[in-house]
$ cat structure_16.txt   # compact mmCIF, N, CA and C atoms
# COMPACT_ATOMS: atom_id res chain seq x y z
N MET A 1 -25.98 -24.76 -19.01
CA MET A 1 -25.12 -25.71 -18.34
C MET A 1 -26.03 -26.74 -17.64
N ALA A 2 -25.69 -27.98 -17.83
CA ALA A 2 -26.48 -29.05 -17.20
C ALA A 2 -26.19 -29.08 -15.70
N TRP A 3 -27.20 -29.49 -14.92
CA TRP A 3 -27.04 -29.53 -13.47
C TRP A 3 -25.97 -30.51 -13.05
N ASP A 4 -25.85 -31.62 -13.76
CA ASP A 4 -24.80 -32.60 -13.41
C ASP A 4 -23.42 -31.97 -13.58
N GLU A 5 -23.24 -31.20 -14.65
CA GLU A 5 -21.96 -30.54 -14.88
C GLU A 5 -21.69 -29.51 -13.77
N TRP A 6 -22.72 -28.75 -13.38
CA TRP A 6 -22.59 -27.76 -12.31
C TRP A 6 -22.15 -28.44 -11.01
N GLU A 7 -22.78 -29.55 -10.67
CA GLU A 7 -22.43 -30.27 -9.44
C GLU A 7 -21.01 -30.81 -9.52
N ARG A 8 -20.61 -31.29 -10.69
CA ARG A 8 -19.25 -31.82 -10.87
C ARG A 8 -18.23 -30.69 -10.67
N LEU A 9 -18.48 -29.52 -11.25
CA LEU A 9 -17.56 -28.39 -11.11
C LEU A 9 -17.47 -27.92 -9.66
N LYS A 10 -18.59 -27.91 -8.95
CA LYS A 10 -18.55 -27.52 -7.54
C LYS A 10 -17.73 -28.52 -6.73
N ALA A 11 -17.89 -29.82 -7.02
CA ALA A 11 -17.13 -30.85 -6.29
C ALA A 11 -15.64 -30.72 -6.58
N GLU A 12 -15.28 -30.47 -7.85
CA GLU A 12 -13.86 -30.30 -8.21
C GLU A 12 -13.27 -29.07 -7.51
N ALA A 13 -14.04 -28.00 -7.46
CA ALA A 13 -13.56 -26.80 -6.78
C ALA A 13 -13.33 -27.07 -5.30
N ALA A 14 -14.21 -27.81 -4.69
CA ALA A 14 -14.05 -28.14 -3.27
C ALA A 14 -12.83 -29.01 -3.04
N ASP A 15 -12.56 -29.95 -3.97
CA ASP A 15 -11.38 -30.82 -3.85
C ASP A 15 -10.09 -30.03 -3.99
N HIS A 16 -10.07 -29.06 -4.90
CA HIS A 16 -8.85 -28.28 -5.16
C HIS A 16 -8.62 -27.19 -4.12
N ARG A 17 -9.62 -26.87 -3.35
CA ARG A 17 -9.51 -25.77 -2.39
C ARG A 17 -8.33 -25.98 -1.44
N SER A 18 -8.08 -27.19 -1.02
CA SER A 18 -7.01 -27.42 -0.04
C SER A 18 -5.63 -27.39 -0.67
N THR A 19 -5.51 -27.57 -2.00
CA THR A 19 -4.19 -27.62 -2.62
C THR A 19 -3.83 -26.33 -3.33
N ARG A 20 -4.74 -25.41 -3.46
CA ARG A 20 -4.46 -24.14 -4.14
C ARG A 20 -3.89 -23.12 -3.17
N MET A 21 -3.26 -22.09 -3.74
CA MET A 21 -2.70 -21.02 -2.93
C MET A 21 -3.84 -20.28 -2.22
N GLN A 22 -3.60 -19.95 -0.96
CA GLN A 22 -4.57 -19.21 -0.18
C GLN A 22 -3.94 -17.88 0.22
N LEU A 23 -4.65 -16.80 0.00
CA LEU A 23 -4.13 -15.48 0.33
C LEU A 23 -4.36 -15.17 1.80
N ASN A 24 -3.52 -14.26 2.30
CA ASN A 24 -3.63 -13.79 3.68
C ASN A 24 -3.49 -14.90 4.71
N GLN A 25 -2.67 -15.88 4.40
CA GLN A 25 -2.50 -16.96 5.35
C GLN A 25 -1.11 -17.56 5.17
N VAL A 26 -0.48 -17.91 6.26
CA VAL A 26 0.80 -18.58 6.24
C VAL A 26 0.56 -20.01 6.67
N PRO A 27 1.14 -20.97 5.96
CA PRO A 27 0.93 -22.36 6.38
C PRO A 27 1.46 -22.57 7.80
N PRO A 28 0.80 -23.44 8.58
CA PRO A 28 1.27 -23.69 9.94
C PRO A 28 2.68 -24.27 9.93
N GLU A 29 3.44 -23.90 10.95
CA GLU A 29 4.81 -24.42 11.05
C GLU A 29 4.77 -25.90 11.40
N PRO A 30 5.56 -26.71 10.67
CA PRO A 30 5.54 -28.15 10.94
C PRO A 30 6.07 -28.50 12.32
N SER A 31 6.89 -27.63 12.91
CA SER A 31 7.48 -27.93 14.21
C SER A 31 6.48 -27.78 15.34
N GLY A 32 5.34 -27.17 15.07
CA GLY A 32 4.36 -26.94 16.14
C GLY A 32 4.93 -26.03 17.19
N GLY A 33 5.59 -24.96 16.76
CA GLY A 33 6.34 -24.06 17.60
C GLY A 33 5.64 -23.51 18.82
N GLY A 34 4.40 -23.89 19.08
CA GLY A 34 3.73 -23.46 20.30
C GLY A 34 3.09 -22.09 20.18
N SER A 35 3.40 -21.36 19.13
CA SER A 35 2.82 -20.03 18.98
C SER A 35 1.58 -20.13 18.11
N SER A 36 0.51 -19.49 18.55
CA SER A 36 -0.72 -19.53 17.76
C SER A 36 -0.69 -18.47 16.67
N GLN A 37 0.27 -17.54 16.73
CA GLN A 37 0.35 -16.49 15.72
C GLN A 37 1.13 -17.00 14.52
N GLN A 38 0.59 -16.78 13.33
CA GLN A 38 1.28 -17.21 12.12
C GLN A 38 1.97 -16.02 11.49
N GLY A 39 3.21 -16.21 11.07
CA GLY A 39 3.96 -15.12 10.44
C GLY A 39 4.44 -14.13 11.48
N ASP A 40 5.21 -13.15 11.00
CA ASP A 40 5.75 -12.18 11.94
C ASP A 40 5.41 -10.74 11.56
N LEU A 41 4.57 -10.56 10.54
CA LEU A 41 4.22 -9.22 10.10
C LEU A 41 2.75 -8.97 10.39
N ALA A 42 2.50 -7.93 11.12
CA ALA A 42 1.11 -7.56 11.42
C ALA A 42 0.99 -6.05 11.29
N VAL A 43 -0.01 -5.61 10.55
CA VAL A 43 -0.24 -4.19 10.34
C VAL A 43 -1.73 -3.93 10.52
N ASN A 44 -2.04 -2.85 11.19
CA ASN A 44 -3.45 -2.48 11.30
C ASN A 44 -3.61 -1.03 10.87
N GLN A 45 -4.83 -0.56 10.83
CA GLN A 45 -5.09 0.80 10.35
C GLN A 45 -4.40 1.84 11.23
N THR A 46 -4.27 1.57 12.51
CA THR A 46 -3.61 2.51 13.41
C THR A 46 -2.15 2.66 13.03
N ASP A 47 -1.48 1.53 12.73
CA ASP A 47 -0.07 1.57 12.31
C ASP A 47 0.09 2.35 11.02
N LEU A 48 -0.78 2.07 10.05
CA LEU A 48 -0.70 2.76 8.76
C LEU A 48 -0.97 4.25 8.92
N ALA A 49 -1.93 4.60 9.78
CA ALA A 49 -2.23 6.01 10.02
C ALA A 49 -1.03 6.71 10.65
N ALA A 50 -0.33 6.03 11.55
CA ALA A 50 0.86 6.62 12.19
C ALA A 50 1.96 6.86 11.16
N ILE A 51 2.14 5.93 10.23
CA ILE A 51 3.15 6.11 9.18
C ILE A 51 2.77 7.28 8.29
N GLY A 52 1.51 7.35 7.91
CA GLY A 52 1.04 8.46 7.09
C GLY A 52 1.20 9.80 7.78
N ASP A 53 0.89 9.84 9.07
CA ASP A 53 1.05 11.08 9.84
C ASP A 53 2.52 11.49 9.93
N ALA A 54 3.40 10.50 10.16
CA ALA A 54 4.83 10.81 10.25
C ALA A 54 5.35 11.32 8.91
N ALA A 55 4.90 10.74 7.82
CA ALA A 55 5.31 11.20 6.49
C ALA A 55 4.82 12.63 6.25
N PHE A 56 3.59 12.93 6.67
CA PHE A 56 3.05 14.27 6.50
C PHE A 56 3.85 15.28 7.33
N GLU A 57 4.14 14.94 8.59
CA GLU A 57 4.92 15.84 9.45
C GLU A 57 6.32 16.07 8.90
N LEU A 58 6.96 14.99 8.41
CA LEU A 58 8.30 15.13 7.82
C LEU A 58 8.23 16.05 6.60
N HIS A 59 7.21 15.88 5.79
CA HIS A 59 7.04 16.73 4.61
C HIS A 59 6.91 18.19 5.02
N GLN A 60 6.08 18.46 6.00
CA GLN A 60 5.87 19.85 6.45
C GLN A 60 7.16 20.44 7.05
N ASP A 61 7.76 19.72 7.99
CA ASP A 61 8.94 20.24 8.69
C ASP A 61 10.15 20.36 7.76
N PHE A 62 10.40 19.33 6.98
CA PHE A 62 11.56 19.36 6.10
C PHE A 62 11.40 20.41 5.01
N GLY A 63 10.17 20.56 4.50
CA GLY A 63 9.94 21.58 3.49
C GLY A 63 10.29 22.98 3.99
N ARG A 64 9.91 23.26 5.22
CA ARG A 64 10.19 24.56 5.81
C ARG A 64 11.69 24.74 6.07
N VAL A 65 12.31 23.75 6.71
CA VAL A 65 13.72 23.86 7.09
C VAL A 65 14.64 23.82 5.87
N SER A 66 14.33 22.97 4.92
CA SER A 66 15.20 22.86 3.75
C SER A 66 15.18 24.15 2.93
N GLY A 67 14.06 24.86 2.95
CA GLY A 67 14.00 26.15 2.25
C GLY A 67 14.98 27.16 2.84
N HIS A 68 15.10 27.16 4.16
CA HIS A 68 16.06 28.06 4.81
C HIS A 68 17.49 27.68 4.44
N ALA A 69 17.80 26.40 4.45
CA ALA A 69 19.15 25.93 4.12
C ALA A 69 19.49 26.28 2.67
N ARG A 70 18.53 26.09 1.78
CA ARG A 70 18.76 26.42 0.37
C ARG A 70 19.05 27.90 0.19
N ALA A 71 18.21 28.74 0.79
CA ALA A 71 18.38 30.19 0.64
C ALA A 71 19.72 30.65 1.21
N ALA A 72 20.09 30.14 2.39
CA ALA A 72 21.35 30.54 3.01
C ALA A 72 22.54 30.09 2.17
N SER A 73 22.47 28.88 1.63
CA SER A 73 23.57 28.37 0.81
C SER A 73 23.72 29.17 -0.48
N GLN A 74 22.61 29.49 -1.11
CA GLN A 74 22.68 30.27 -2.35
C GLN A 74 23.19 31.68 -2.09
N LYS A 75 22.79 32.27 -0.98
CA LYS A 75 23.27 33.61 -0.64
C LYS A 75 24.78 33.59 -0.38
N ALA A 76 25.23 32.59 0.36
CA ALA A 76 26.66 32.46 0.66
C ALA A 76 27.44 32.20 -0.62
N ALA A 77 26.91 31.35 -1.50
CA ALA A 77 27.60 31.06 -2.76
C ALA A 77 27.72 32.33 -3.61
N GLY A 78 26.65 33.12 -3.67
CA GLY A 78 26.69 34.37 -4.42
C GLY A 78 27.71 35.34 -3.87
N GLY A 79 27.77 35.44 -2.55
CA GLY A 79 28.75 36.33 -1.92
C GLY A 79 30.18 35.90 -2.19
N LEU A 80 30.44 34.60 -2.12
CA LEU A 80 31.78 34.10 -2.38
C LEU A 80 32.18 34.30 -3.85
N LYS A 81 31.23 34.09 -4.76
CA LYS A 81 31.52 34.31 -6.19
C LYS A 81 31.85 35.77 -6.46
N THR A 82 31.07 36.66 -5.85
CA THR A 82 31.28 38.10 -6.05
C THR A 82 32.67 38.51 -5.58
N GLN A 83 33.15 37.88 -4.54
CA GLN A 83 34.47 38.22 -4.00
C GLN A 83 35.59 37.47 -4.69
N GLY A 84 35.24 36.65 -5.71
CA GLY A 84 36.26 35.99 -6.52
C GLY A 84 36.73 34.65 -5.97
N PHE A 85 36.05 34.08 -5.05
CA PHE A 85 36.45 32.79 -4.49
C PHE A 85 35.88 31.65 -5.34
N ALA A 86 36.72 30.69 -5.68
CA ALA A 86 36.28 29.52 -6.45
C ALA A 86 35.30 28.68 -5.63
N LEU A 87 35.41 28.79 -4.33
CA LEU A 87 34.52 28.03 -3.46
C LEU A 87 33.06 28.42 -3.68
N GLY A 88 32.80 29.63 -4.17
CA GLY A 88 31.44 30.09 -4.43
C GLY A 88 30.75 29.21 -5.47
N GLY A 89 31.46 28.86 -6.53
CA GLY A 89 30.90 27.98 -7.57
C GLY A 89 30.61 26.59 -7.03
N ALA A 90 31.52 26.09 -6.19
CA ALA A 90 31.32 24.75 -5.61
C ALA A 90 30.12 24.75 -4.67
N LEU A 91 30.00 25.80 -3.87
CA LEU A 91 28.86 25.89 -2.95
C LEU A 91 27.55 26.04 -3.72
N ASP A 92 27.59 26.76 -4.83
CA ASP A 92 26.41 26.90 -5.68
C ASP A 92 26.00 25.55 -6.25
N HIS A 93 26.99 24.74 -6.64
CA HIS A 93 26.71 23.38 -7.15
C HIS A 93 26.07 22.52 -6.05
N VAL A 94 26.61 22.61 -4.85
CA VAL A 94 26.05 21.85 -3.72
C VAL A 94 24.61 22.30 -3.44
N ALA A 95 24.36 23.59 -3.49
CA ALA A 95 23.00 24.11 -3.25
C ALA A 95 22.03 23.61 -4.33
N SER A 96 22.50 23.53 -5.58
CA SER A 96 21.64 23.00 -6.66
C SER A 96 21.31 21.54 -6.42
N ARG A 97 22.31 20.77 -6.02
CA ARG A 97 22.07 19.34 -5.73
C ARG A 97 21.12 19.21 -4.52
N TRP A 98 21.28 20.09 -3.54
CA TRP A 98 20.41 20.08 -2.37
C TRP A 98 18.96 20.28 -2.78
N ILE A 99 18.73 21.20 -3.70
CA ILE A 99 17.37 21.47 -4.17
C ILE A 99 16.78 20.21 -4.80
N ASP A 100 17.56 19.54 -5.67
CA ASP A 100 17.07 18.32 -6.33
C ASP A 100 16.76 17.22 -5.32
N GLN A 101 17.68 17.02 -4.39
CA GLN A 101 17.51 15.94 -3.41
C GLN A 101 16.36 16.23 -2.44
N SER A 102 16.24 17.48 -2.01
CA SER A 102 15.15 17.81 -1.07
C SER A 102 13.80 17.70 -1.77
N ARG A 103 13.72 18.05 -3.05
CA ARG A 103 12.47 17.87 -3.79
C ARG A 103 12.11 16.39 -3.88
N SER A 104 13.11 15.54 -4.10
CA SER A 104 12.84 14.08 -4.14
C SER A 104 12.28 13.58 -2.82
N LEU A 105 12.88 14.04 -1.72
CA LEU A 105 12.39 13.62 -0.41
C LEU A 105 10.99 14.16 -0.15
N LEU A 106 10.74 15.40 -0.50
CA LEU A 106 9.41 15.98 -0.30
C LEU A 106 8.36 15.25 -1.15
N ASP A 107 8.72 14.93 -2.39
CA ASP A 107 7.79 14.18 -3.25
C ASP A 107 7.49 12.80 -2.65
N ALA A 108 8.53 12.14 -2.14
CA ALA A 108 8.34 10.80 -1.58
C ALA A 108 7.46 10.84 -0.34
N THR A 109 7.70 11.79 0.55
CA THR A 109 6.89 11.85 1.77
C THR A 109 5.45 12.23 1.45
N ALA A 110 5.25 13.11 0.47
CA ALA A 110 3.88 13.46 0.07
C ALA A 110 3.19 12.24 -0.54
N HIS A 111 3.92 11.48 -1.35
CA HIS A 111 3.35 10.29 -1.97
C HIS A 111 2.94 9.26 -0.92
N ILE A 112 3.79 9.04 0.07
CA ILE A 112 3.48 8.08 1.14
C ILE A 112 2.23 8.52 1.90
N SER A 113 2.21 9.77 2.30
CA SER A 113 1.07 10.28 3.07
C SER A 113 -0.23 10.19 2.26
N ASN A 114 -0.19 10.66 1.03
CA ASN A 114 -1.39 10.64 0.18
C ASN A 114 -1.83 9.22 -0.13
N HIS A 115 -0.87 8.33 -0.39
CA HIS A 115 -1.21 6.95 -0.73
C HIS A 115 -1.90 6.25 0.45
N LEU A 116 -1.39 6.45 1.65
CA LEU A 116 -2.00 5.80 2.80
C LEU A 116 -3.39 6.36 3.08
N ASP A 117 -3.58 7.65 2.88
CA ASP A 117 -4.92 8.22 3.04
C ASP A 117 -5.87 7.64 2.01
N PHE A 118 -5.42 7.56 0.76
CA PHE A 118 -6.27 7.01 -0.31
C PHE A 118 -6.55 5.53 -0.07
N THR A 119 -5.52 4.78 0.31
CA THR A 119 -5.67 3.34 0.50
C THR A 119 -6.68 3.02 1.59
N LYS A 120 -6.67 3.80 2.67
CA LYS A 120 -7.61 3.57 3.76
C LYS A 120 -9.05 3.65 3.24
N GLY A 121 -9.35 4.69 2.47
CA GLY A 121 -10.69 4.84 1.92
C GLY A 121 -11.02 3.78 0.88
N ALA A 122 -10.05 3.45 0.04
CA ALA A 122 -10.29 2.47 -1.02
C ALA A 122 -10.57 1.09 -0.44
N HIS A 123 -9.80 0.70 0.57
CA HIS A 123 -10.01 -0.63 1.16
C HIS A 123 -11.33 -0.72 1.91
N ALA A 124 -11.76 0.37 2.49
CA ALA A 124 -13.07 0.35 3.15
C ALA A 124 -14.15 0.09 2.11
N GLY A 125 -14.04 0.72 0.95
CA GLY A 125 -15.00 0.48 -0.12
C GLY A 125 -14.89 -0.93 -0.68
N ASP A 126 -13.66 -1.46 -0.76
CA ASP A 126 -13.45 -2.82 -1.25
C ASP A 126 -14.13 -3.83 -0.33
N GLU A 127 -14.02 -3.62 0.97
CA GLU A 127 -14.63 -4.54 1.93
C GLU A 127 -16.14 -4.62 1.73
N VAL A 128 -16.76 -3.47 1.52
CA VAL A 128 -18.21 -3.44 1.30
C VAL A 128 -18.55 -4.19 0.02
N HIS A 129 -17.77 -3.94 -1.05
CA HIS A 129 -18.03 -4.60 -2.33
C HIS A 129 -17.84 -6.11 -2.23
N ILE A 130 -16.76 -6.54 -1.60
CA ILE A 130 -16.47 -7.97 -1.48
C ILE A 130 -17.54 -8.68 -0.66
N SER A 131 -17.91 -8.10 0.47
CA SER A 131 -18.92 -8.77 1.29
C SER A 131 -20.25 -8.83 0.55
N GLY A 132 -20.58 -7.80 -0.23
CA GLY A 132 -21.81 -7.84 -1.02
C GLY A 132 -21.76 -8.89 -2.11
N THR A 133 -20.59 -9.04 -2.75
CA THR A 133 -20.44 -10.04 -3.80
C THR A 133 -20.53 -11.44 -3.23
N ILE A 134 -19.87 -11.69 -2.12
CA ILE A 134 -19.91 -13.02 -1.51
C ILE A 134 -21.32 -13.36 -1.06
N SER A 135 -21.99 -12.38 -0.50
CA SER A 135 -23.37 -12.59 -0.08
C SER A 135 -24.24 -12.94 -1.28
N SER A 136 -24.03 -12.26 -2.41
CA SER A 136 -24.80 -12.53 -3.63
C SER A 136 -24.54 -13.94 -4.16
N ILE A 137 -23.28 -14.39 -4.08
CA ILE A 137 -22.94 -15.73 -4.56
C ILE A 137 -23.63 -16.79 -3.70
N ALA A 138 -23.64 -16.57 -2.38
CA ALA A 138 -24.31 -17.53 -1.49
C ALA A 138 -25.80 -17.59 -1.80
N THR A 139 -26.41 -16.45 -2.06
CA THR A 139 -27.84 -16.40 -2.40
C THR A 139 -28.09 -17.13 -3.72
N LEU A 140 -27.22 -16.90 -4.70
CA LEU A 140 -27.34 -17.56 -6.00
C LEU A 140 -27.19 -19.06 -5.85
N ASP A 141 -26.20 -19.48 -5.08
CA ASP A 141 -25.97 -20.92 -4.87
C ASP A 141 -27.18 -21.56 -4.18
N ALA A 142 -27.74 -20.87 -3.20
CA ALA A 142 -28.93 -21.40 -2.52
C ALA A 142 -30.09 -21.54 -3.50
N GLY A 143 -30.21 -20.60 -4.42
CA GLY A 143 -31.27 -20.67 -5.43
C GLY A 143 -31.10 -21.88 -6.33
N PHE A 144 -29.84 -22.20 -6.68
CA PHE A 144 -29.60 -23.38 -7.52
C PHE A 144 -29.99 -24.65 -6.77
N ASN A 145 -29.67 -24.70 -5.49
CA ASN A 145 -30.01 -25.87 -4.69
C ASN A 145 -31.53 -26.03 -4.56
N GLU A 146 -32.25 -24.91 -4.39
CA GLU A 146 -33.71 -24.97 -4.29
C GLU A 146 -34.34 -25.49 -5.59
N ARG A 147 -33.80 -25.01 -6.71
CA ARG A 147 -34.37 -25.42 -8.00
C ARG A 147 -34.13 -26.90 -8.25
N LYS A 148 -32.97 -27.38 -7.85
CA LYS A 148 -32.64 -28.79 -8.05
C LYS A 148 -33.42 -29.66 -7.09
N GLY A 149 -33.86 -29.09 -5.99
CA GLY A 149 -34.61 -29.86 -5.01
C GLY A 149 -33.73 -30.42 -3.92
N ALA A 150 -32.56 -29.87 -3.77
CA ALA A 150 -31.63 -30.38 -2.76
C ALA A 150 -31.92 -29.81 -1.40

$ encode --input "structure_16.txt" --output "structure tokens"
Amino acid sequence: MAWDEWERLKAEAADHRSTRMQLNQVPPEPSGGGSSQQGDLAVNQTDLAAIGDAAFELHQDFGRVSGHARAASQKAAGGLKTQGFALGGALDHVASRWIDQSRSLLDATAHISNHLDFTKGAHAGDEVHISGTISSIATLDAGFNERKGA
């Protein structure tokens, strides 16, 4: 690539920087609303950790309690069926649905807790990688300027 072309591409990129989409930023409000905070959503690692902890606790507590409810319902349904009550079959159906629904909730809470734990570690690694990459680009760019004599 010719140096003139490289310089032209850098200038074009600098010109387009202000008109392209920018991540992690909300455009300033035209009204000048007096607030220096942009947007209304803010999340930090402490918030995410609290959500993950709550999901884990819900998973633990609900798993234990729902097991008791399931067992009691199935026992009651069996007793009613044995005594010839039609209600026994209906209660057995409700207990089966309870099992399906409680498994869905347990799976969801486990997924939330595990995902937030994984995400915390993954983003920490991403930050290291991104800062290393940006640092490398700056070093490379400085090398191009030195070679050109700028």

$ residues_around --input "structure_16.txt" --residues "Thr109 of chain A" --least-positions-apart "6" --cutoff "6.5 Å" --atoms "all atoms listed in the file" --output "mmCIF file with N, CA and C atoms, in the frame of the given file"
data_model
loop_
_atom_site.group_PDB
_atom_site.id
_atom_site.type_symbol
_atom_site.label_atom_id
_atom_site.label_comp_id
_atom_site.auth_asym_id
_atom_site.auth_seq_id
_atom_site.Cartn_x
_atom_site.Cartn_y
_atom_site.Cartn_z
ATOM 1 N N ALA A 55 4.900 10.740 7.820
ATOM 2 C CA ALA A 55 5.310 11.200 6.490
ATOM 3 C C ALA A 55 4.820 12.630 6.250
ATOM 4 N N PHE A 56 3.590 12.930 6.670
ATOM 5 C CA PHE A 56 3.050 14.270 6.500
ATOM 6 C C PHE A 56 3.850 15.280 7.330
ATOM 7 N N HIS A 59 7.210 15.880 5.790
ATOM 8 C CA HIS A 59 7.040 16.730 4.610
ATOM 9 C C HIS A 59 6.910 18.190 5.020
#

$ residues_around --input "structure_16.txt" --residues "Ala110 of chain A" --least-positions-apart "4" --cutoff "12 Å" --atoms "only C-alpha atoms" --output "number ranges by chain"
A: 51-60, 62-63, 103-106, 114-117

$ atom_distance --input "structure_16.txt" --atom1 "atom CA of Gly89 of chain A" --atom2 "atom CA of Lys75 of chain A"
11.7 Å

$ atom_distance --input "structure_16.txt" --atom1 "atom CA of His93 of chain A" --atom2 "atom CA of Val65 of chain A"
19.3 Å

$ atom_distance --input "structure_16.txt" --atom1 "atom CA of Gly67 of chain A" --atom2 "atom CA of Leu91 of chain A"
15.7 Å

$ closest_residue --input "structure_16.txt" --among "A:Ala95, A:Leu48, A:Leu80, A:Ala72" --to "Phe118 of chain A" --atoms "only C-alpha atoms"
A:Leu48

$ closest_residue --input "structure_16.txt" --among "A:Ser66, A:Leu9, A:Gln45, A:Asp4" --to "Asp100 of chain A" --atoms "only C-alpha atoms"
A:Ser66

$ residues_around --input "structure_16.txt" --residues "Gly88 of chain A" --least-positions-apart "5" --cutoff "7 Å" --atoms "only N, CA and C atoms" --output "number ranges by chain"
A: 76-82, 93

$ write_last_selection --input "structure_16.txt" --atoms "N, CA and C atoms" --output "PDB file, keeping the file's coordinate frame"
ATOM      1  N   ALA A  76      25.230  32.590   0.360  1.00  0.00           N
ATOM      2  CA  ALA A  76      26.660  32.460   0.660  1.00  0.00           C
ATOM      3  C   ALA A  76      27.440  32.200  -0.620  1.00  0.00           C
ATOM      4  N   ALA A  77      26.910  31.350  -1.500  1.00  0.00           N
ATOM      5  CA  ALA A  77      27.600  31.060  -2.760  1.00  0.00           C
ATOM      6  C   ALA A  77      27.720  32.330  -3.610  1.00  0.00           C
ATOM      7  N   GLY A  78      26.650  33.120  -3.670  1.00  0.00           N
ATOM      8  CA  GLY A  78      26.690  34.370  -4.420  1.00  0.00           C
ATOM      9  C   GLY A  78      27.710  35.340  -3.870  1.00  0.00           C
ATOM     10  N   GLY A  79      27.770  35.440  -2.550  1.00  0.00           N
ATOM     11  CA  GLY A  79      28.750  36.330  -1.920  1.00  0.00           C
ATOM     12  C   GLY A  79      30.180  35.900  -2.190  1.00  0.00           C
ATOM     13  N   LEU A  80      30.440  34.600  -2.120  1.00  0.00           N
ATOM     14  CA  LEU A  80      31.780  34.100  -2.380  1.00  0.00           C
ATOM     15  C   LEU A  80      32.180  34.300  -3.850  1.00  0.00           C
ATOM     16  N   LYS A  81      31.230  34.090  -4.760  1.00  0.00           N
ATOM     17  CA  LYS A  81      31.520  34.310  -6.190  1.00  0.00           C
ATOM     18  C   LYS A  81      31.850  35.770  -6.460  1.00  0.00           C
ATOM     19  N   THR A  82      31.070  36.660  -5.850  1.00  0.00           N
ATOM     20  CA  THR A  82      31.280  38.100  -6.050  1.00  0.00           C
ATOM     21  C   THR A  82      32.670  38.510  -5.580  1.00  0.00           C
ATOM     22  N   HIS A  93      26.990  24.740  -6.640  1.00  0.00           N
ATOM     23  CA  HIS A  93      26.710  23.380  -7.150  1.00  0.00           C
ATOM     24  C   HIS A  93      26.070  22.520  -6.050  1.00  0.00           C
TER      25      HIS A  93
END

$ closest_residue --input "structure_16.txt" --among "A:Gln83, A:Thr119, A:Ser73, A:Ser113" --to "Ser96 of chain A" --atoms "only N, CA and C atoms"
A:Ser73
